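Here the structure comes first, spelled out in structure tokens, and everything after it is commentary.
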Amino acid sequence: MSRNRPIVRASQSVLFYIKALRQGLLILLVMTPCYVLSQDKFALTVEQFDEIKGAKLSAAMAWHGSSPWIQAVTAGAREEFERLGIKVVAVTEAHYDPAKQVSDLETLKILHPDILLSLSVDGLSTKPSYLQMVGAGTRLVLLSNPISGFRHGVDFAGIVEDDVESMGNAAAQLMVDAISGKGRVGIIYHEADYPITNRRDAAFRQALRRHAGIKIVSEKGFTKKSHTAQLTAAMLIQNPKLDGIYVSWDAAAEGVIEALRMSGHKEVKVITHDLGVNNLIDMALGGNMYGTVSDRPNEMGKLMARIGAGAAIGLKTPLTTQVDFNLVTRVNIADSWRLAFATELPAILQQAVQQGSQGGVPSL
């Protein structure tokens with residue numbers, strides 16, 4: 001990822017060509033829908049595929065909550081399980097409640113699945129239930145959140161995750177692009193103890209501080225996404241000349257966009273993570289939402305299913321597998337949506353993209 005460097009005693013012509021080169025590179029960055037990581041993915045041979053199909057395996061999924069993102073993970077896993085001849089016996093979601101997830105795991109234990117895909121709400125409270133299922137022969141594949149003390153190849157088959165540090169760096173680059181490398185920025189970060197968002201927010205903050213022309217003038221934490229509109233309003237009162245705001249993820253960013261609209265701050269650019277229809281409509285129409293960093297949940301589900309299947313027939317599986325991500329602006333919304341969810345854009349978003357490119361407003 002390029003960083004601006006000072007140029008000493010350069011002629012005007014040299015400065016012109018350097019500026020043109022930078023602008024060209026920026027166009028390539030924005031237009032390219034895929035920010036590619038060098039990462040080998042877990043694959044199966046024909047013989048291993050046939051062995052899995054012949055084993056008549058079963059699988060379950062125990063998720064932390066419900067969202068379009070987790071629905072895409074589930075859809076990817078279902079597709080891969082079906083391809084491998086594995087029956088999905090149950091899918092649960094815990095409403096971000098550790099007690100509910102423990103109850104879900106106790107229910108799933110009765111079904112004796114060969115494979116369990118899960119994201120733990122709270123590793124401490126769910127750990128005993130996972131260990132009971134693993135002890136009974138279930139192969140556990142984790143999504144994003146590790147569990148302290150778990151041994152790879154013994155207590156779990158592997159973890160599929162994002163490269164959250166690189167995603168935070170990418171979000172910082174989007175902010176640099178959005179405000180042309182100069183201005184005042186506010187950060188609305190996730191204050192709860194949650195490794196994914198904590199590490200991503202920290203990487204964004206650290207990367208942005210390397211840009212001398214940008215000053216972080218305000219930081220406010222939240223634990224509930226419904227509080228971000230109020231935090232944004234307070235931030236704007238204290239700093240009425242903000243150029244940009246970073247917020248931890250898409251659903252939380254909806255409150256930020258709402259507060260900016262209500263206060264008439266049309267010039268403030270917002271950067272976040274993940275894809276959501278409402279914010280993408282705002283982005284398509286040239287509103288406050290400038291860019292987002294999107295991972296690939298559908299691919300994550302497929303990888304988890306494949307790793308679980310491999311572990312179920314005794315294959316050595318990777319400790320960690322990371323998925324690629326995309327830098328999303330209004331020019332590559334459709335491509336990024338397909339890469340993330342493996343579906344076409346929802347109709348209302350298609351209309352926004354089309355009319356936004358023509359300078360119109362969609363009929364909501």
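If you're wondering about the labels, chains in the structure tokens are A, B, ... by order shown, residues count from 1 in each chain, ligands from 1 in order shown.
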**Asked** as a list in words, which residues of region 234-283 of chain A does DSSP assign to alpha helix (DSSP H)?
**Response** Ala234, Met235, Leu236, Ile237, Gln238, Asp250, Ala251, Ala252, Ala253, Glu254, Gly255, Val256, Ile257, Glu258, Ala259, Leu260, Arg261, Met262, Ser263, Val277, Asn278, Asn279, Leu280, Ile281, Asp282 and Met283 of chain A
**Request:** Excluding Leu285 (chain A) and any residue of its chain fewer than 6 positions from it, enumerate the residues within 12 Å of it, using only C-alpha atoms, and give them as a PyMOL selection string.
**Result:** chain A and resi 278-279+329-331+333+349-362
Writing out the chosen residues with C-alpha atoms as a tab-separated table (two decimals), in the first residue's frame:
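Final output, saved to again30.tsv:
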```
chain	number	residue	atom	x	y	z
A	278	ASN	CA	-28.70	1.12	2.93
A	279	ASN	CA	-25.14	2.43	3.05
A	329	THR	CA	-16.30	2.49	-3.71
A	330	ARG	CA	-19.22	3.53	-5.90
A	331	VAL	CA	-17.42	2.32	-9.07
A	333	ILE	CA	-20.32	-2.01	-5.88
A	349	LEU	CA	-29.48	-1.40	-5.00
A	350	GLN	CA	-29.31	-2.13	-8.73
A	351	GLN	CA	-31.62	0.83	-9.28
A	352	ALA	CA	-29.47	3.06	-7.05
A	353	VAL	CA	-26.27	2.08	-8.86
A	354	GLN	CA	-27.85	2.72	-12.26
A	355	GLN	CA	-29.48	6.01	-11.34
A	356	GLY	CA	-26.50	7.16	-9.32
A	357	SER	CA	-24.28	6.77	-12.36
A	358	GLN	CA	-26.77	8.92	-14.26
A	359	GLY	CA	-26.99	11.53	-11.52
A	360	GLY	CA	-30.55	10.56	-10.53
A	361	VAL	CA	-32.27	9.49	-7.33
A	362	PRO	CA	-33.91	6.06	-6.95
```
**Item:** Close residues, Ala59 (chain A) itself excluded, 9 Å, only C-alpha atoms, min 3 positions apart in chain, as an NGL selection string
**Value:** :A and (81 or 86-90 or 112-117 or 138 or 305 or 308-309)
Expected file: the selected residues, N, CA and C atoms, as a CSV table (one decimal), in the first residue's frame:
```csv
chain,number,residue,atom,x,y,z
A,81,PHE,N,-21.2,-28.2,1.4
A,81,PHE,CA,-21.7,-29.5,2.1
A,81,PHE,C,-22.5,-30.3,1.1
A,86,ILE,N,-22.7,-34.0,2.1
A,86,ILE,CA,-22.8,-34.0,3.6
A,86,ILE,C,-24.2,-33.3,4.0
A,87,LYS,N,-24.9,-34.0,4.9
A,87,LYS,CA,-26.2,-33.5,5.3
A,87,LYS,C,-26.1,-32.5,6.4
A,88,VAL,N,-26.7,-31.3,6.2
A,88,VAL,CA,-26.8,-30.3,7.3
A,88,VAL,C,-28.0,-30.6,8.2
A,89,VAL,N,-27.7,-30.9,9.4
A,89,VAL,CA,-28.8,-31.4,10.3
A,89,VAL,C,-29.4,-30.2,11.1
A,90,ALA,N,-28.7,-29.1,11.3
A,90,ALA,CA,-29.2,-28.0,12.1
A,90,ALA,C,-28.4,-26.7,11.9
A,112,HIS,N,-25.3,-35.4,17.3
A,112,HIS,CA,-24.1,-36.1,17.0
A,112,HIS,C,-23.6,-35.7,15.6
A,113,PRO,N,-23.4,-34.4,15.2
A,113,PRO,CA,-22.9,-34.1,13.9
A,113,PRO,C,-21.4,-34.5,13.8
A,114,ASP,N,-21.0,-34.9,12.6
A,114,ASP,CA,-19.6,-35.2,12.4
A,114,ASP,C,-18.8,-33.9,12.3
A,115,ILE,N,-19.4,-32.8,11.9
A,115,ILE,CA,-18.7,-31.5,11.7
A,115,ILE,C,-19.6,-30.4,12.3
A,116,LEU,N,-18.9,-29.5,13.0
A,116,LEU,CA,-19.6,-28.3,13.5
A,116,LEU,C,-18.8,-27.1,13.1
A,117,LEU,N,-19.5,-26.1,12.5
A,117,LEU,CA,-19.0,-24.8,12.1
A,117,LEU,C,-19.6,-23.8,13.1
A,138,THR,N,-17.1,-35.0,17.1
A,138,THR,CA,-17.4,-33.9,16.2
A,138,THR,C,-16.1,-33.1,15.9
A,305,ALA,N,-16.5,-25.4,5.5
A,305,ALA,CA,-17.1,-26.7,5.2
A,305,ALA,C,-16.1,-27.7,4.7
A,308,GLY,N,-13.7,-28.8,7.5
A,308,GLY,CA,-14.4,-29.7,8.4
A,308,GLY,C,-14.5,-31.1,7.8
A,309,ALA,N,-14.8,-31.2,6.5
A,309,ALA,CA,-15.0,-32.4,5.8
A,309,ALA,C,-13.6,-33.2,5.7
```
**Message:** Here is a test: counting only C-alpha atoms, which residue of A:Pro195, A:Pro318, A:Gly301, A:Gly181 is nearest to Asn145 (chain A)?
**Reply:** A:Pro195
**Prompt:** Please, which residues of region 140-224 of chain A, numbered as in this document, come out strand (DSSP E) from DSSP, as JSON, numbers by chain?
**Reply:** {"A": [140, 141, 142, 143, 158, 159, 160, 161, 162, 183, 184, 185, 186, 187, 188, 189, 190, 214, 215, 216, 217, 218, 219, 220, 221, 222]}
Could you turn the residues from that selection into a file that holds C-alpha atoms, as an mmCIF file, in the first residue's frame?
```cif
data_model
loop_
_atom_site.group_PDB
_atom_site.id
_atom_site.type_symbol
_atom_site.label_atom_id
_atom_site.label_comp_id
_atom_site.auth_asym_id
_atom_site.auth_seq_id
_atom_site.Cartn_x
_atom_site.Cartn_y
_atom_site.Cartn_z
ATOM 1 C CA LEU A 140 -14.977 -28.231 15.045
ATOM 2 C CA VAL A 141 -14.106 -25.446 12.590
ATOM 3 C CA LEU A 142 -14.098 -21.921 14.032
ATOM 4 C CA LEU A 143 -14.973 -18.671 12.313
ATOM 5 C CA GLY A 158 -8.877 -24.930 12.011
ATOM 6 C CA ILE A 159 -10.027 -21.337 11.962
ATOM 7 C CA VAL A 160 -11.139 -19.324 8.932
ATOM 8 C CA GLU A 161 -10.695 -15.596 9.321
ATOM 9 C CA ASP A 162 -10.030 -12.241 7.710
ATOM 10 C CA GLY A 183 -7.977 16.872 6.907
ATOM 11 C CA ARG A 184 -9.581 16.197 10.276
ATOM 12 C CA VAL A 185 -10.926 12.734 11.061
ATOM 13 C CA GLY A 186 -13.099 11.263 13.793
ATOM 14 C CA ILE A 187 -13.070 7.603 14.816
ATOM 15 C CA ILE A 188 -16.107 5.756 16.185
ATOM 16 C CA TYR A 189 -14.670 2.461 17.366
ATOM 17 C CA HIS A 190 -16.071 -0.735 18.887
ATOM 18 C CA ILE A 214 -4.384 13.915 8.525
ATOM 19 C CA LYS A 215 -5.213 14.619 12.154
ATOM 20 C CA ILE A 216 -7.406 12.377 14.320
ATOM 21 C CA VAL A 217 -9.335 14.982 16.332
ATOM 22 C CA SER A 218 -11.927 12.801 18.089
ATOM 23 C CA GLU A 219 -12.410 9.181 19.151
ATOM 24 C CA LYS A 220 -15.605 7.794 20.634
ATOM 25 C CA GLY A 221 -16.340 4.184 21.561
ATOM 26 C CA PHE A 222 -19.619 2.268 21.394
#
```
**Prompt:** If you count only C-alpha atoms, which residues fall within 10 Å of Ala342 (chain A), apart from same-chain ones fewer than 2 positions away, as a PyMOL selection string?
**Reply:** chain A and resi 72+75-76+296-299+335-340+344-345
Can I get the selected residues back with N, CA and C atoms, as a short mmCIF file (atom, residue, chain, number, x, y, z; two decimals), in the first residue's frame?
```cif
data_model
loop_
_atom_site.label_atom_id
_atom_site.label_comp_id
_atom_site.auth_asym_id
_atom_site.auth_seq_id
_atom_site.Cartn_x
_atom_site.Cartn_y
_atom_site.Cartn_z
N ALA A 72 -24.65 -15.26 4.41
CA ALA A 72 -23.78 -15.58 3.27
C ALA A 72 -22.79 -16.67 3.64
N ALA A 75 -24.83 -19.84 3.55
CA ALA A 75 -25.13 -20.24 2.18
C ALA A 75 -23.92 -20.88 1.52
N GLY A 76 -22.73 -20.31 1.74
CA GLY A 76 -21.52 -20.89 1.18
C GLY A 76 -21.25 -22.27 1.75
N ARG A 296 -15.20 -11.76 2.27
CA ARG A 296 -15.95 -12.65 1.39
C ARG A 296 -16.60 -13.77 2.20
N PRO A 297 -17.74 -13.47 2.82
CA PRO A 297 -18.37 -14.44 3.71
C PRO A 297 -18.79 -15.74 3.03
N ASN A 298 -19.24 -15.66 1.78
CA ASN A 298 -19.63 -16.88 1.09
C ASN A 298 -18.44 -17.81 0.93
N GLU A 299 -17.29 -17.26 0.59
CA GLU A 299 -16.06 -18.05 0.47
C GLU A 299 -15.65 -18.62 1.82
N ASP A 335 -19.58 -5.62 -8.52
CA ASP A 335 -18.54 -6.66 -8.52
C ASP A 335 -18.22 -7.11 -7.10
N SER A 336 -18.13 -6.15 -6.19
CA SER A 336 -17.79 -6.47 -4.80
C SER A 336 -18.90 -7.26 -4.13
N TRP A 337 -20.14 -6.92 -4.43
CA TRP A 337 -21.28 -7.66 -3.87
C TRP A 337 -21.25 -9.12 -4.33
N ARG A 338 -20.98 -9.34 -5.60
CA ARG A 338 -20.92 -10.72 -6.11
C ARG A 338 -19.80 -11.50 -5.45
N LEU A 339 -18.64 -10.88 -5.25
CA LEU A 339 -17.53 -11.56 -4.62
C LEU A 339 -17.83 -11.90 -3.16
N ALA A 340 -18.57 -11.02 -2.48
CA ALA A 340 -18.87 -11.24 -1.07
C ALA A 340 -19.98 -12.26 -0.87
N GLU A 344 -26.46 -11.67 -7.17
CA GLU A 344 -26.58 -10.38 -7.82
C GLU A 344 -27.07 -9.34 -6.83
N LEU A 345 -26.91 -8.07 -7.17
CA LEU A 345 -27.37 -6.99 -6.31
C LEU A 345 -28.87 -7.07 -6.08
#
```
**Asked** Could you pull the residues within 7 Å of region 41-54 of chain A, counting only C-alpha atoms, minus those fewer than 6 positions along the same chain, as a list of chain:residue names?
**Response**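 So, after excluding close chain neighbours, the residues are A:Leu84, A:Gly85, A:Ile307, A:Ala309, A:Ile313, A:Thr321.
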Selected residues, N, CA and C atoms, written as a compact mmCIF listing (two decimals), in the first residue's frame, please.
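Heads up, here's the output in result_24.txt:
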```txt
# COMPACT_ATOMS: atom_id res chain seq x y z
N LEU A 84 -20.30 -31.98 -1.37
CA LEU A 84 -19.55 -33.07 -0.77
C LEU A 84 -20.44 -34.21 -0.25
N GLY A 85 -21.75 -34.07 -0.47
CA GLY A 85 -22.66 -35.13 -0.02
C GLY A 85 -22.84 -35.18 1.48
N ILE A 307 -12.81 -27.66 5.13
CA ILE A 307 -11.85 -28.01 6.18
C ILE A 307 -12.47 -29.02 7.15
N ALA A 309 -14.83 -31.16 6.50
CA ALA A 309 -14.96 -32.44 5.81
C ALA A 309 -13.62 -33.15 5.75
N ILE A 313 -12.36 -37.00 7.73
CA ILE A 313 -11.78 -38.24 7.18
C ILE A 313 -10.30 -38.37 7.53
N THR A 321 -6.78 -20.16 7.97
CA THR A 321 -6.98 -19.88 6.55
C THR A 321 -7.63 -18.51 6.44
```
**Item:** Residues within 7 Å of His64 (chain A), only C-alpha atoms, excluding chain neighbours under 6 positions, as a VMD selection string
**Value:** chain A and resid 93 to 96 119 to 121
For the residues in that selection, give me all heavy atoms as an mmCIF file, in the first residue's frame.
```cif
data_model
loop_
_atom_site.group_PDB
_atom_site.id
_atom_site.type_symbol
_atom_site.label_atom_id
_atom_site.label_comp_id
_atom_site.auth_asym_id
_atom_site.auth_seq_id
_atom_site.Cartn_x
_atom_site.Cartn_y
_atom_site.Cartn_z
ATOM 1 N N GLU A 93 -28.615 -19.834 15.832
ATOM 2 C CA GLU A 93 -27.995 -18.526 16.026
ATOM 3 C C GLU A 93 -28.369 -18.025 17.424
ATOM 4 O O GLU A 93 -29.486 -18.206 17.889
ATOM 5 C CB GLU A 93 -28.395 -17.545 14.925
ATOM 6 C CG GLU A 93 -29.834 -17.149 14.853
ATOM 7 C CD GLU A 93 -30.098 -15.825 15.548
ATOM 8 O OE1 GLU A 93 -29.155 -15.273 16.140
ATOM 9 O OE2 GLU A 93 -31.249 -15.375 15.504
ATOM 10 N N ALA A 94 -27.397 -17.409 18.096
ATOM 11 C CA ALA A 94 -27.499 -17.173 19.535
ATOM 12 C C ALA A 94 -27.886 -15.752 19.927
ATOM 13 O O ALA A 94 -27.889 -15.435 21.120
ATOM 14 C CB ALA A 94 -26.171 -17.533 20.198
ATOM 15 N N HIS A 95 -28.202 -14.889 18.976
ATOM 16 C CA HIS A 95 -28.570 -13.500 19.294
ATOM 17 C C HIS A 95 -27.485 -12.813 20.131
ATOM 18 O O HIS A 95 -27.791 -11.980 20.989
ATOM 19 C CB HIS A 95 -29.911 -13.443 20.028
ATOM 20 C CG HIS A 95 -31.025 -14.169 19.341
ATOM 21 N ND1 HIS A 95 -31.561 -13.768 18.139
ATOM 22 C CD2 HIS A 95 -31.688 -15.305 19.682
ATOM 23 C CE1 HIS A 95 -32.518 -14.617 17.769
ATOM 24 N NE2 HIS A 95 -32.605 -15.551 18.688
ATOM 25 N N TYR A 96 -26.231 -13.184 19.918
ATOM 26 C CA TYR A 96 -25.087 -12.622 20.637
ATOM 27 C C TYR A 96 -25.170 -12.855 22.149
ATOM 28 O O TYR A 96 -24.581 -12.127 22.946
ATOM 29 C CB TYR A 96 -24.937 -11.120 20.340
ATOM 30 C CG TYR A 96 -24.609 -10.829 18.903
ATOM 31 C CD1 TYR A 96 -25.614 -10.665 17.945
ATOM 32 C CD2 TYR A 96 -23.290 -10.740 18.482
ATOM 33 C CE1 TYR A 96 -25.313 -10.420 16.611
ATOM 34 C CE2 TYR A 96 -22.973 -10.489 17.149
ATOM 35 C CZ TYR A 96 -23.994 -10.339 16.225
ATOM 36 O OH TYR A 96 -23.689 -10.096 14.912
ATOM 37 N N LEU A 119 -19.012 -19.712 15.267
ATOM 38 C CA LEU A 119 -18.338 -18.531 15.769
ATOM 39 C C LEU A 119 -18.786 -18.362 17.214
ATOM 40 O O LEU A 119 -19.974 -18.188 17.485
ATOM 41 C CB LEU A 119 -18.663 -17.292 14.938
ATOM 42 C CG LEU A 119 -17.797 -16.047 15.202
ATOM 43 C CD1 LEU A 119 -17.822 -15.105 13.998
ATOM 44 C CD2 LEU A 119 -18.222 -15.272 16.445
ATOM 45 N N SER A 120 -17.853 -18.415 18.136
ATOM 46 C CA SER A 120 -18.184 -18.359 19.558
ATOM 47 C C SER A 120 -18.449 -16.930 20.012
ATOM 48 O O SER A 120 -17.655 -16.032 19.760
ATOM 49 C CB SER A 120 -17.041 -18.949 20.381
ATOM 50 O OG SER A 120 -17.294 -18.817 21.760
ATOM 51 N N VAL A 121 -19.571 -16.736 20.696
ATOM 52 C CA VAL A 121 -19.883 -15.425 21.268
ATOM 53 C C VAL A 121 -18.917 -15.109 22.401
ATOM 54 O O VAL A 121 -18.394 -13.998 22.516
ATOM 55 C CB VAL A 121 -21.335 -15.395 21.798
ATOM 56 C CG1 VAL A 121 -21.622 -14.064 22.477
ATOM 57 C CG2 VAL A 121 -22.318 -15.649 20.677
#
```
**Message:** If we count only C-alpha atoms and set the cut-off at 7 Å, which residues sit around Lys269 (chain A), ignoring sequence neighbours fewer than 4 positions away in its own chain? Please answer as a PyMOL selection string.
**Reply:** chain A and resi 178+243-245+288-290
Selected residues, C-alpha atoms, written as a short mmCIF file (atom, residue, chain, number, x, y, z; two decimals), in the first residue's frame, please.
```
data_model
loop_
_atom_site.label_atom_id
_atom_site.label_comp_id
_atom_site.auth_asym_id
_atom_site.auth_seq_id
_atom_site.Cartn_x
_atom_site.Cartn_y
_atom_site.Cartn_z
CA ALA A 178 -11.62 10.17 0.38
CA ASP A 243 -13.60 15.90 6.89
CA GLY A 244 -14.07 12.19 7.56
CA ILE A 245 -15.41 9.64 10.05
CA ASN A 288 -21.48 10.58 2.76
CA MET A 289 -20.49 6.90 2.47
CA TYR A 290 -17.29 7.01 0.43
#
```
**Request:** Go through A:Thr126, A:Ser248, A:Gln71, A:Ser148 and flag the residue nearest Met300 (chain A), using only C-alpha atoms for the distances.
**Result:** A:Gln71
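Here the question is which of A:Val176, A:Ala233, A:Val293, A:Val277 gets nearest to Gly264 (chain A) using only C-alpha atoms, and that residue is A:Ala233.
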**Prompt:** Counting only C-alpha atoms, which of A:Leu231, A:Ala99, A:Leu236, A:Leu327 gets nearest to Met175 (chain A)?
**Reply:** A:Leu327
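Among the candidates A:Ala207, A:Met167, A:Ala62, A:Leu275, the one nearest to Glu106 (chain A) when counting only C-alpha atoms is A:Ala62.
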**Request:** Record the distance separating CA of Leu315 (chain A) and CA of Ile70 (chain A), expressed in Å with one decimal.
**Result:**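 One can read the CA of Leu315 (chain A) to CA of Ile70 (chain A) distance as 26.6 Å.
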